[in-house]
Amino acid sequence: MVASRLLRPASRLLSTHRPFISPSKSALQPAASLPTLVNARRYATPSGVKEVAVRDALNEALAEELEANDKVFVLGEEVAQYNGAYKVTKGLLDRFGDKRVIDSPITESGFCGLTVGAALAGLHPVCEFMTFNFAMQAIDQIINSAAKTHYMSGGIQPCNITFRGPNGFAAGVAAQHSQDYSSWYGSIPGLKVVAPYSSEDAKGLLKAAIRDPNPVVVLENELMYGTHFPMSEAAQRDDFVLPFGKAKIERPGKDLTIVTLSRCVGQALTAAEQMKKDYGVEAEVINLRSVKPLDVEAIVKSVKKTGHLMAVESGFPSFGVGAEILALTMEYAFDYLDAPAVRITGAEVPTPYAQGLENMSFPSEDLIAKYGAKLLRV
Amino acid sequence: MASSVHFPGAVNSKFTTDLAFEQPSTHPAMPTYRVMDSDGIIVDESRKPSDISNEEILKWYKNMLTGTGPPAIVSIMDLIMFDAQRQGRLSFYMVSAGEEGIAIGSASALFPKDVIFCQYRETGVFQQRGFALSDFMNQLFANGKDNGKGRNMPVHYGSSKLNIHTISSTLATQIPQAAGAAYALKIQALQNPNMVPRIVACYFGEGAASEGDFHAALNIAATRSCPVVFICRNNGYAISTPTLEQYRGDGIASRGIGYGIDTIRVDGNDIFAVREVTKEARRMALENGGKPILIEAMSYRVSHHSTSDDSFAYRAKVEVEDWKRRDNPITRLRKWMEHQGLWDDEMEKEARSQIRKDVLKAFAQAEKEKRAPLRDMFTDVYEDLSEESKVQMKELGRLLDEYPGEYDVSEFEGGRKGLDEPAEQ
């Protein structure tokens, strides 16, 4: 996996892999680090549970929404003929035709503006960025037009649009293509922002985003597309949606609250198992699912129980999602904290290309477990 | 009665009662300038290259052979590095077969002091300006001798010595920056009339020309009269997107006219034509205080977009083979050299074998080089080290001194000492 548009080329990460990543480097092998817990979720009819890759869950969500509503269409670079740089739109062109699944020239400001315009005119576009790093070329359309036109037109111009694509660092694509935009979009009134972790998250949140009358940014994770998760029977149905602003307790616990999102959820779950093994403590892992709106209630409820909070995210430390979680906890649950809350984030450095440094620039399972133990003084 | 009013936005427009829209399809496509045909025959003897020595031409040819792939037999550096990526010795590589003529032909017409911005398929430009095989390899392996201190993805070459800005991953951002750099050179020349005037040459692909940055760049360069030569490599594909889906106009060249920029289209497989056109563009760019020029060089991307791409998913192999056979810059120049009695099969064989040896030697050497010194982990985020970084460096030094057995830093330049500030020169 590698490269960027730059390396636009870089975006083909999935068709090739970075062979010199050894399997022991779990930071780059999310699938390998999934705790057993994930496979033991409680479902009504476990027999109906299916293993689905995040990529396929997204594909299913798009297909179902294209089927259900003819106002929905998908537009982006290489989404049609090439089936998407990460194959998320695979087969959609054949099934829905070139009026619904549309290739764009390399012009983010152009095609993003076009989809925003289509949304202002009443359609429900899904605008795919090959990665959110490229959306920088179009960020004015997202922030100044998509997020604000409904308000500034006096409520007469809705903007039912979904921006989606991979977000966060990948592997070996250096500083300009390794950024996490959760806090960028999360700070804009008028936008809704979600960050799926599992296949169920991916499907339920993307479908909800397409149906939501507001502009929604769906931040997928470049390293998670190929990861398989069990999908319940309910989630396999075409009416499955997840509500925004509702976090999910992925692992209940009584000693420490870990609030996290996207790929870091998997790391936190592994770290929680590690902490149980090493110290006999039970960490509660909260998967935010939605960055904006943010489920403060779930965080406060958990902190009241555990008395300890740790935020884990892969963005830069300053003014990030972790900073927000800590601030909210201080505002709403200060009296329940037994120790100062902590955050684990990406490092304050342009993401290095060197593999060793890159690994150290983002949260790892070990780091989470170590800081958890330190926080609990165990 | 006046036949025209001087509207400020269109001063020479005449009135008409004929209601007619301008239709691009009725305009003939802009012609493509060439000197030599695909058989290596000079089409117009009066345009025969006269100011270049045979020695120089042989150097071009060898540069083309080295840097990128002679189609049909595949490249030397391209092939070796492509394989290296597949073996996991390199994370990413970009080949440039089919576009050697544009890179080397244009670079040969520029002055060493001219400033260059590249996209990422201009290996030949670097070569022609003197970037050594070891320079390429050091960057590709991100070792301590890499000008970028190992911080970039492969193929992001840069050299202050050769006046080439470091390649950036972000697409098309170099185009407006080139206009800005040219503006700076223009001001510099005004302030210091004794300096030899310089231009900026800016390379990009036809796909990048779809980005807003391209349009903004051409307009600002035209209105500020910046001495910049924009060189578009139109190779038919932007990753998988063919030009027919990239734009509807007459290539990229027609856009130059709209921005009021002198423009030419040239056969990118004809190295003589590319050189001549660039030479003339450079002269024009410095006329009357400076102005931008646009060159659209036509070619065909014979290779995949990058090691992350398999282009046979979106184009037929037969199409590529057809192009390789029909025309490419290397075999064209070779034919010309053969007609002149400058080259034969024996020399070809010898050159290839020598280049292969040189590439492999540089490859092996670069793989063995030490990594950048430890202090480079901290430097350059800001001009000066931040206080936090200083504290972290000190702490790292302390840990290394206290537990030398735990940390093997021998693979980094200078080992433990590489963390300390270099002594004042």
# chains A, B, ... in the order shown; residues from 1 in each chain; ligands from 1

$ closest_atom_pairs --of "chain B" --to "chain A" --cutoff "9 Å" --atoms "only C-alpha atoms" --output "Markdown table"
| residue | atom | partner | partner_atom | distance |
| --- | --- | --- | --- | --- |
| B:Gln85 | CA | A:Pro19 | CA | 8.7 |
| B:Arg86 | CA | A:Pro19 | CA | 7.8 |
| B:Gln87 | CA | A:Pro19 | CA | 7.3 |
| B:Gly88 | CA | A:Pro19 | CA | 4.9 |
| B:Arg89 | CA | A:Phe20 | CA | 7.1 |
| B:Leu90 | CA | A:Phe20 | CA | 8.4 |
| B:Ser91 | CA | A:Arg18 | CA | 6.2 |
| B:Phe92 | CA | A:Ala3 | CA | 6.3 |
| B:Tyr93 | CA | A:Ala3 | CA | 8.7 |
| B:Met94 | CA | A:Pro9 | CA | 8.8 |
| B:Gln119 | CA | A:Leu6 | CA | 8.5 |
| B:Tyr120 | CA | A:Leu6 | CA | 7.8 |
| B:Ala142 | CA | A:Ala354 | CA | 7.8 |
| B:Gly150 | CA | A:Ala354 | CA | 6.8 |
| B:Arg151 | CA | A:Tyr353 | CA | 5.1 |
| B:Asn152 | CA | A:Tyr353 | CA | 5.7 |
| B:Met153 | CA | A:Ala174 | CA | 6.0 |
| B:Pro154 | CA | A:Ala3 | CA | 8.9 |
| B:Ser168 | CA | A:Leu6 | CA | 7.6 |
| B:Ser169 | CA | A:Leu6 | CA | 4.3 |
| B:Thr170 | CA | A:Leu6 | CA | 5.7 |
| B:Leu171 | CA | A:Leu6 | CA | 6.1 |
| B:Gly207 | CA | A:Ile106 | CA | 6.0 |
| B:Ala208 | CA | A:Ile106 | CA | 6.7 |
| B:Ala209 | CA | A:Ile106 | CA | 8.2 |
| B:Ser210 | CA | A:Thr107 | CA | 5.3 |
| B:Glu211 | CA | A:Thr107 | CA | 4.4 |
| B:Gly212 | CA | A:Ser109 | CA | 6.7 |
| B:Asp213 | CA | A:Gln137 | CA | 8.8 |
| B:Ala238 | CA | A:Ile106 | CA | 7.9 |
| B:Ile239 | CA | A:Pro9 | CA | 7.1 |
| B:Ser240 | CA | A:Glu78 | CA | 7.2 |
| B:Thr241 | CA | A:Glu78 | CA | 7.2 |
| B:Thr243 | CA | A:Pro105 | CA | 8.9 |
| B:Glu245 | CA | A:Pro105 | CA | 6.6 |
| B:Gln246 | CA | A:Pro105 | CA | 4.8 |
| B:Tyr247 | CA | A:Pro105 | CA | 7.5 |
| B:His305 | CA | A:Pro9 | CA | 6.9 |
| B:Ser306 | CA | A:Pro9 | CA | 6.0 |
| B:Thr307 | CA | A:Pro9 | CA | 8.0 |
| B:Ser308 | CA | A:Arg12 | CA | 5.2 |
| B:Asp309 | CA | A:Arg12 | CA | 6.5 |
| B:Asp310 | CA | A:Ser15 | CA | 8.5 |
| B:Ala313 | CA | A:Tyr82 | CA | 7.4 |
| B:Tyr314 | CA | A:Tyr82 | CA | 6.9 |
| B:Met377 | CA | A:Leu357 | CA | 8.2 |
| B:Phe378 | CA | A:Val349 | CA | 8.7 |
| B:Val381 | CA | A:Val349 | CA | 7.0 |

$ select_by_dssp --residues "region 136-373 of chain A" --states "helix (DSSP H, G or I)" --output "NGL selection string"
:A and (136-146 or 149-152 or 175-177 or 182-186 or 199-211 or 233-236 or 264-279 or 296-306 or 321-336 or 355-360 or 365-373)

$ residues_around --residues "Gly245 (chain A)" --least-positions-apart "4" --cutoff "9 Å" --atoms "only C-alpha atoms" --output "PDB file with all heavy atoms, in the first residue's frame"
ATOM      1  N   VAL A 194     -19.116  12.138  10.566  1.00  0.00           N
ATOM      2  CA  VAL A 194     -19.072  10.805  11.170  1.00  0.00           C
ATOM      3  C   VAL A 194     -17.781  10.089  10.773  1.00  0.00           C
ATOM      4  O   VAL A 194     -17.179  10.384   9.746  1.00  0.00           O
ATOM      5  CB  VAL A 194     -20.296   9.946  10.763  1.00  0.00           C
ATOM      6  CG1 VAL A 194     -21.574  10.566  11.293  1.00  0.00           C
ATOM      7  CG2 VAL A 194     -20.373   9.766   9.250  1.00  0.00           C
ATOM      8  N   LEU A 288     -16.995   6.584  19.223  1.00  0.00           N
ATOM      9  CA  LEU A 288     -17.811   7.792  19.037  1.00  0.00           C
ATOM     10  C   LEU A 288     -18.776   7.698  17.857  1.00  0.00           C
ATOM     11  O   LEU A 288     -19.857   8.235  17.866  1.00  0.00           O
ATOM     12  CB  LEU A 288     -16.905   9.003  18.814  1.00  0.00           C
ATOM     13  CG  LEU A 288     -16.314   9.676  20.047  1.00  0.00           C
ATOM     14  CD1 LEU A 288     -15.440  10.836  19.607  1.00  0.00           C
ATOM     15  CD2 LEU A 288     -17.410  10.165  20.994  1.00  0.00           C
ATOM     16  N   ARG A 289     -18.337   7.050  16.791  1.00  0.00           N
ATOM     17  CA  ARG A 289     -19.091   6.953  15.537  1.00  0.00           C
ATOM     18  C   ARG A 289     -19.320   8.325  14.907  1.00  0.00           C
ATOM     19  O   ARG A 289     -19.124   8.523  13.726  1.00  0.00           O
ATOM     20  CB  ARG A 289     -20.455   6.278  15.747  1.00  0.00           C
ATOM     21  CG  ARG A 289     -20.354   4.775  15.820  1.00  0.00           C
ATOM     22  CD  ARG A 289     -21.733   4.150  15.943  1.00  0.00           C
ATOM     23  NE  ARG A 289     -21.699   2.713  15.727  1.00  0.00           N
ATOM     24  CZ  ARG A 289     -22.691   1.905  16.017  1.00  0.00           C
ATOM     25  NH1 ARG A 289     -23.798   2.381  16.535  1.00  0.00           N
ATOM     26  NH2 ARG A 289     -22.579   0.625  15.779  1.00  0.00           N
ATOM     27  N   SER A 290     -19.762   9.267  15.705  1.00  0.00           N
ATOM     28  CA  SER A 290     -20.111  10.567  15.159  1.00  0.00           C
ATOM     29  C   SER A 290     -19.301  11.639  15.894  1.00  0.00           C
ATOM     30  O   SER A 290     -19.252  11.664  17.115  1.00  0.00           O
ATOM     31  CB  SER A 290     -21.628  10.731  15.314  1.00  0.00           C
ATOM     32  OG  SER A 290     -22.000  12.055  15.417  1.00  0.00           O
ATOM     33  N   VAL A 291     -18.613  12.470  15.111  1.00  0.00           N
ATOM     34  CA  VAL A 291     -17.779  13.534  15.677  1.00  0.00           C
ATOM     35  C   VAL A 291     -18.612  14.788  15.918  1.00  0.00           C
ATOM     36  O   VAL A 291     -18.432  15.519  16.879  1.00  0.00           O
ATOM     37  CB  VAL A 291     -16.618  13.864  14.712  1.00  0.00           C
ATOM     38  CG1 VAL A 291     -15.823  15.070  15.176  1.00  0.00           C
ATOM     39  CG2 VAL A 291     -15.706  12.655  14.535  1.00  0.00           C
ATOM     40  N   LYS A 292     -19.538  15.010  15.002  1.00  0.00           N
ATOM     41  CA  LYS A 292     -20.425  16.169  15.127  1.00  0.00           C
ATOM     42  C   LYS A 292     -21.774  15.772  14.599  1.00  0.00           C
ATOM     43  O   LYS A 292     -21.865  15.496  13.402  1.00  0.00           O
ATOM     44  CB  LYS A 292     -19.863  17.334  14.301  1.00  0.00           C
ATOM     45  CG  LYS A 292     -20.535  18.665  14.578  1.00  0.00           C
ATOM     46  CD  LYS A 292     -19.920  19.729  13.679  1.00  0.00           C
ATOM     47  CE  LYS A 292     -20.312  21.108  14.103  1.00  0.00           C
ATOM     48  NZ  LYS A 292     -19.562  21.556  15.297  1.00  0.00           N
ATOM     49  N   PRO A 293     -22.835  15.680  15.424  1.00  0.00           N
ATOM     50  CA  PRO A 293     -22.827  15.946  16.861  1.00  0.00           C
ATOM     51  C   PRO A 293     -22.073  14.868  17.645  1.00  0.00           C
ATOM     52  O   PRO A 293     -21.945  13.748  17.186  1.00  0.00           O
ATOM     53  CB  PRO A 293     -24.315  15.921  17.215  1.00  0.00           C
ATOM     54  CG  PRO A 293     -24.953  15.074  16.164  1.00  0.00           C
ATOM     55  CD  PRO A 293     -24.149  15.263  14.926  1.00  0.00           C
ATOM     56  N   LEU A 294     -21.608  15.265  18.819  1.00  0.00           N
ATOM     57  CA  LEU A 294     -20.801  14.387  19.664  1.00  0.00           C
ATOM     58  C   LEU A 294     -21.642  13.915  20.841  1.00  0.00           C
ATOM     59  O   LEU A 294     -22.350  14.712  21.445  1.00  0.00           O
ATOM     60  CB  LEU A 294     -19.584  15.180  20.154  1.00  0.00           C
ATOM     61  CG  LEU A 294     -18.458  14.413  20.792  1.00  0.00           C
ATOM     62  CD1 LEU A 294     -17.582  13.789  19.713  1.00  0.00           C
ATOM     63  CD2 LEU A 294     -17.580  15.350  21.624  1.00  0.00           C
ATOM     64  N   ASP A 295     -21.556  12.644  21.160  1.00  0.00           N
ATOM     65  CA  ASP A 295     -22.381  12.069  22.221  1.00  0.00           C
ATOM     66  C   ASP A 295     -21.766  12.335  23.604  1.00  0.00           C
ATOM     67  O   ASP A 295     -21.165  11.460  24.214  1.00  0.00           O
ATOM     68  CB  ASP A 295     -22.522  10.567  21.969  1.00  0.00           C
ATOM     69  CG  ASP A 295     -23.619   9.934  22.820  1.00  0.00           C
ATOM     70  OD1 ASP A 295     -24.116  10.624  23.739  1.00  0.00           O
ATOM     71  OD2 ASP A 295     -23.949   8.768  22.579  1.00  0.00           O
ATOM     72  N   VAL A 296     -21.955  13.550  24.111  1.00  0.00           N
ATOM     73  CA  VAL A 296     -21.389  13.930  25.407  1.00  0.00           C
ATOM     74  C   VAL A 296     -22.004  13.073  26.514  1.00  0.00           C
ATOM     75  O   VAL A 296     -21.328  12.676  27.468  1.00  0.00           O
ATOM     76  CB  VAL A 296     -21.662  15.414  25.725  1.00  0.00           C
ATOM     77  CG1 VAL A 296     -20.907  15.851  26.961  1.00  0.00           C
ATOM     78  CG2 VAL A 296     -21.298  16.288  24.540  1.00  0.00           C
TER      79      VAL A 296
END

$ residues_around --residues "Thr166 (chain B)" --least-positions-apart "3" --cutoff "12 Å" --atoms "only C-alpha atoms" --output "list in words"
Val115, Ile116, Phe117, Cys118, Gln119, Tyr120, Phe126, Gln139, Asp146, Asn147, Gly148, Lys149, Arg151, Asn152, Met153, Pro154, Val155, His156, Tyr157, Gly158, Ser159, Ser160, Lys161, Leu162, Asn163, Ser169, Thr170 and Gln174 of chain B

$ closest_residue --among "A:Gln141, A:Thr115, A:Thr131, A:Thr260" --to "Thr162 (chain A)" --atoms "only C-alpha atoms"
A:Thr115

$ closest_residue --among "A:Ala311, A:Leu256, A:Cys159, A:Leu206" --to "Gly346 (chain A)" --atoms "only C-alpha atoms"
A:Ala311

$ atom_distance --atom1 "CA of Glu60 (chain A)" --atom2 "CA of Asn83 (chain A)"
13.7 Å

$ atom_distance --atom1 "CA of Gly98 (chain B)" --atom2 "CA of Tyr86 (chain A)"
27.5 Å

$ residues_around --residues "Ala178 (chain B)" --least-positions-apart "4" --cutoff "10 Å" --atoms "only C-alpha atoms" --output "list in words"
Val115, Ile116, Phe117, Cys118, His165, Thr173, Gln174, Ala182, Tyr183, Ala184, Ile199, Val200, Ala201, Cys202, Tyr203, Ala217, Ala221, Cys226, Pro227, Val228, Val229 and Phe230 of chain B

$ write_last_selection --atoms "N, CA, C and O atoms" --output "mmCIF file, in the first residue's frame"
data_model
loop_
_atom_site.group_PDB
_atom_site.id
_atom_site.type_symbol
_atom_site.label_atom_id
_atom_site.label_comp_id
_atom_site.auth_asym_id
_atom_site.auth_seq_id
_atom_site.Cartn_x
_atom_site.Cartn_y
_atom_site.Cartn_z
ATOM 1 N N VAL B 115 15.163 28.504 -12.950
ATOM 2 C CA VAL B 115 14.551 27.787 -11.829
ATOM 3 C C VAL B 115 13.493 26.827 -12.365
ATOM 4 O O VAL B 115 12.734 27.179 -13.273
ATOM 5 N N ILE B 116 13.450 25.631 -11.809
ATOM 6 C CA ILE B 116 12.530 24.627 -12.339
ATOM 7 C C ILE B 116 11.583 24.098 -11.260
ATOM 8 O O ILE B 116 11.981 23.849 -10.129
ATOM 9 N N PHE B 117 10.317 23.964 -11.660
ATOM 10 C CA PHE B 117 9.325 23.264 -10.834
ATOM 11 C C PHE B 117 8.869 22.031 -11.618
ATOM 12 O O PHE B 117 8.490 22.152 -12.781
ATOM 13 N N CYS B 118 8.908 20.887 -10.985
ATOM 14 C CA CYS B 118 8.482 19.663 -11.665
ATOM 15 C C CYS B 118 7.227 19.089 -11.015
ATOM 16 O O CYS B 118 6.866 19.460 -9.909
ATOM 17 N N HIS B 165 13.142 23.009 -7.570
ATOM 18 C CA HIS B 165 12.382 22.920 -6.323
ATOM 19 C C HIS B 165 12.020 21.467 -6.046
ATOM 20 O O HIS B 165 11.789 20.694 -6.968
ATOM 21 N N THR B 173 -0.069 22.295 -7.451
ATOM 22 C CA THR B 173 0.270 23.460 -6.633
ATOM 23 C C THR B 173 1.536 24.148 -7.135
ATOM 24 O O THR B 173 1.768 25.314 -6.851
ATOM 25 N N GLN B 174 2.355 23.422 -7.900
ATOM 26 C CA GLN B 174 3.603 24.032 -8.386
ATOM 27 C C GLN B 174 3.343 25.072 -9.474
ATOM 28 O O GLN B 174 4.216 25.893 -9.746
ATOM 29 N N ALA B 182 8.749 33.192 -10.762
ATOM 30 C CA ALA B 182 9.127 33.978 -11.944
ATOM 31 C C ALA B 182 8.987 35.465 -11.652
ATOM 32 O O ALA B 182 9.800 36.286 -12.084
ATOM 33 N N TYR B 183 7.950 35.798 -10.900
ATOM 34 C CA TYR B 183 7.748 37.200 -10.541
ATOM 35 C C TYR B 183 8.922 37.687 -9.699
ATOM 36 O O TYR B 183 9.425 38.800 -9.889
ATOM 37 N N ALA B 184 9.374 36.837 -8.791
ATOM 38 C CA ALA B 184 10.523 37.193 -7.957
ATOM 39 C C ALA B 184 11.772 37.409 -8.819
ATOM 40 O O ALA B 184 12.523 38.365 -8.609
ATOM 41 N N ILE B 199 14.606 32.653 -16.156
ATOM 42 C CA ILE B 199 13.181 32.311 -16.230
ATOM 43 C C ILE B 199 12.889 31.152 -15.283
ATOM 44 O O ILE B 199 13.792 30.526 -14.744
ATOM 45 N N VAL B 200 11.590 30.863 -15.142
ATOM 46 C CA VAL B 200 11.155 29.657 -14.440
ATOM 47 C C VAL B 200 10.547 28.728 -15.473
ATOM 48 O O VAL B 200 9.810 29.175 -16.352
ATOM 49 N N ALA B 201 10.881 27.454 -15.404
ATOM 50 C CA ALA B 201 10.210 26.452 -16.235
ATOM 51 C C ALA B 201 9.368 25.595 -15.307
ATOM 52 O O ALA B 201 9.836 25.174 -14.255
ATOM 53 N N CYS B 202 8.111 25.384 -15.702
ATOM 54 C CA CYS B 202 7.190 24.643 -14.830
ATOM 55 C C CYS B 202 6.555 23.482 -15.596
ATOM 56 O O CYS B 202 5.899 23.688 -16.613
ATOM 57 N N TYR B 203 6.771 22.276 -15.100
ATOM 58 C CA TYR B 203 6.246 21.078 -15.764
ATOM 59 C C TYR B 203 4.996 20.562 -15.055
ATOM 60 O O TYR B 203 4.902 20.599 -13.834
ATOM 61 N N ALA B 217 -3.035 30.037 -12.101
ATOM 62 C CA ALA B 217 -1.625 30.296 -12.394
ATOM 63 C C ALA B 217 -1.456 31.014 -13.732
ATOM 64 O O ALA B 217 -0.696 31.981 -13.844
ATOM 65 N N ALA B 221 -0.001 34.737 -14.008
ATOM 66 C CA ALA B 221 1.271 34.882 -14.731
ATOM 67 C C ALA B 221 1.118 35.867 -15.890
ATOM 68 O O ALA B 221 2.018 36.666 -16.169
ATOM 69 N N CYS B 226 4.848 37.484 -15.857
ATOM 70 C CA CYS B 226 5.923 36.716 -15.222
ATOM 71 C C CYS B 226 6.715 35.922 -16.261
ATOM 72 O O CYS B 226 6.113 35.242 -17.097
ATOM 73 N N PRO B 227 8.032 35.961 -16.198
ATOM 74 C CA PRO B 227 8.840 35.195 -17.149
ATOM 75 C C PRO B 227 8.876 33.699 -16.812
ATOM 76 O O PRO B 227 9.841 33.207 -16.251
ATOM 77 N N VAL B 228 7.796 33.031 -17.150
ATOM 78 C CA VAL B 228 7.690 31.605 -16.840
ATOM 79 C C VAL B 228 7.283 30.840 -18.095
ATOM 80 O O VAL B 228 6.450 31.308 -18.859
ATOM 81 N N VAL B 229 7.914 29.691 -18.308
ATOM 82 C CA VAL B 229 7.522 28.822 -19.418
ATOM 83 C C VAL B 229 6.792 27.623 -18.821
ATOM 84 O O VAL B 229 7.372 26.832 -18.081
ATOM 85 N N PHE B 230 5.495 27.531 -19.106
ATOM 86 C CA PHE B 230 4.696 26.401 -18.646
ATOM 87 C C PHE B 230 4.848 25.276 -19.663
ATOM 88 O O PHE B 230 4.596 25.478 -20.846
#

$ select_by_dssp --residues "region 125-335 of chain B" --states "strand (DSSP E)" --output "mmCIF file with C-alpha atoms, in the first residue's frame"
data_model
loop_
_atom_site.group_PDB
_atom_site.id
_atom_site.type_symbol
_atom_site.label_atom_id
_atom_site.label_comp_id
_atom_site.auth_asym_id
_atom_site.auth_seq_id
_atom_site.Cartn_x
_atom_site.Cartn_y
_atom_site.Cartn_z
ATOM 1 C CA VAL B 200 11.155 29.657 -14.440
ATOM 2 C CA ALA B 201 10.210 26.452 -16.235
ATOM 3 C CA CYS B 202 7.190 24.643 -14.830
ATOM 4 C CA TYR B 203 6.246 21.078 -15.764
ATOM 5 C CA PHE B 204 2.862 19.429 -15.273
ATOM 6 C CA GLY B 205 0.579 16.874 -16.887
ATOM 7 C CA VAL B 228 7.690 31.605 -16.840
ATOM 8 C CA VAL B 229 7.522 28.822 -19.418
ATOM 9 C CA PHE B 230 4.696 26.401 -18.646
ATOM 10 C CA ILE B 231 5.454 22.991 -20.121
ATOM 11 C CA CYS B 232 2.486 20.664 -20.234
ATOM 12 C CA ARG B 233 3.188 16.994 -20.857
ATOM 13 C CA ASN B 234 0.037 15.747 -22.519
ATOM 14 C CA TYR B 237 -3.819 9.654 -19.407
ATOM 15 C CA ALA B 238 -4.225 11.062 -15.915
ATOM 16 C CA THR B 241 -8.685 9.041 -17.019
ATOM 17 C CA PRO B 242 -8.168 9.408 -20.780
ATOM 18 C CA ASP B 262 1.741 32.964 -26.397
ATOM 19 C CA THR B 263 1.328 29.260 -26.948
ATOM 20 C CA ILE B 264 2.708 26.439 -29.051
ATOM 21 C CA ARG B 265 1.988 22.736 -29.418
ATOM 22 C CA VAL B 266 4.929 20.476 -30.120
ATOM 23 C CA ASP B 267 5.538 16.833 -30.904
ATOM 24 C CA ILE B 293 4.682 31.153 -22.503
ATOM 25 C CA LEU B 294 2.760 27.885 -22.735
ATOM 26 C CA ILE B 295 4.139 24.790 -24.439
ATOM 27 C CA GLU B 296 1.946 21.732 -24.861
ATOM 28 C CA ALA B 297 4.125 18.729 -25.630
ATOM 29 C CA MET B 298 2.220 15.725 -26.961
#

$ decode --residues "region 212-216 of chain B" --atoms "all heavy atoms" --output "PDB file, in the first residue's frame"
ATOM      1  N   GLY B 212      -7.978  23.735 -10.388  1.00  0.00           N
ATOM      2  CA  GLY B 212      -8.156  25.181 -10.380  1.00  0.00           C
ATOM      3  C   GLY B 212      -6.823  25.919 -10.379  1.00  0.00           C
ATOM      4  O   GLY B 212      -6.704  26.992 -10.975  1.00  0.00           O
ATOM      5  N   ASP B 213      -5.822  25.336  -9.730  1.00  0.00           N
ATOM      6  CA  ASP B 213      -4.517  25.983  -9.634  1.00  0.00           C
ATOM      7  C   ASP B 213      -3.930  26.330 -10.998  1.00  0.00           C
ATOM      8  O   ASP B 213      -3.265  27.346 -11.158  1.00  0.00           O
ATOM      9  CB  ASP B 213      -3.527  25.077  -8.889  1.00  0.00           C
ATOM     10  CG  ASP B 213      -3.677  25.183  -7.374  1.00  0.00           C
ATOM     11  OD1 ASP B 213      -4.445  26.052  -6.924  1.00  0.00           O
ATOM     12  OD2 ASP B 213      -3.026  24.412  -6.663  1.00  0.00           O
ATOM     13  N   PHE B 214      -4.149  25.463 -11.979  1.00  0.00           N
ATOM     14  CA  PHE B 214      -3.608  25.716 -13.318  1.00  0.00           C
ATOM     15  C   PHE B 214      -4.183  27.015 -13.875  1.00  0.00           C
ATOM     16  O   PHE B 214      -3.471  27.877 -14.384  1.00  0.00           O
ATOM     17  CB  PHE B 214      -3.955  24.541 -14.248  1.00  0.00           C
ATOM     18  CG  PHE B 214      -3.780  24.850 -15.716  1.00  0.00           C
ATOM     19  CD1 PHE B 214      -2.538  24.759 -16.325  1.00  0.00           C
ATOM     20  CD2 PHE B 214      -4.871  25.239 -16.489  1.00  0.00           C
ATOM     21  CE1 PHE B 214      -2.380  25.051 -17.676  1.00  0.00           C
ATOM     22  CE2 PHE B 214      -4.723  25.535 -17.842  1.00  0.00           C
ATOM     23  CZ  PHE B 214      -3.479  25.439 -18.429  1.00  0.00           C
ATOM     24  N   HIS B 215      -5.493  27.150 -13.769  1.00  0.00           N
ATOM     25  CA  HIS B 215      -6.167  28.317 -14.344  1.00  0.00           C
ATOM     26  C   HIS B 215      -5.761  29.595 -13.622  1.00  0.00           C
ATOM     27  O   HIS B 215      -5.479  30.617 -14.249  1.00  0.00           O
ATOM     28  CB  HIS B 215      -7.681  28.096 -14.311  1.00  0.00           C
ATOM     29  CG  HIS B 215      -8.082  26.894 -15.100  1.00  0.00           C
ATOM     30  ND1 HIS B 215      -8.383  26.958 -16.434  1.00  0.00           N
ATOM     31  CD2 HIS B 215      -8.168  25.587 -14.752  1.00  0.00           C
ATOM     32  CE1 HIS B 215      -8.658  25.741 -16.889  1.00  0.00           C
ATOM     33  NE2 HIS B 215      -8.529  24.893 -15.881  1.00  0.00           N
ATOM     34  N   ALA B 216      -5.718  29.495 -12.300  1.00  0.00           N
ATOM     35  CA  ALA B 216      -5.298  30.655 -11.516  1.00  0.00           C
ATOM     36  C   ALA B 216      -3.873  31.046 -11.882  1.00  0.00           C
ATOM     37  O   ALA B 216      -3.544  32.233 -12.017  1.00  0.00           O
ATOM     38  CB  ALA B 216      -5.395  30.324 -10.030  1.00  0.00           C
TER      39      ALA B 216
END
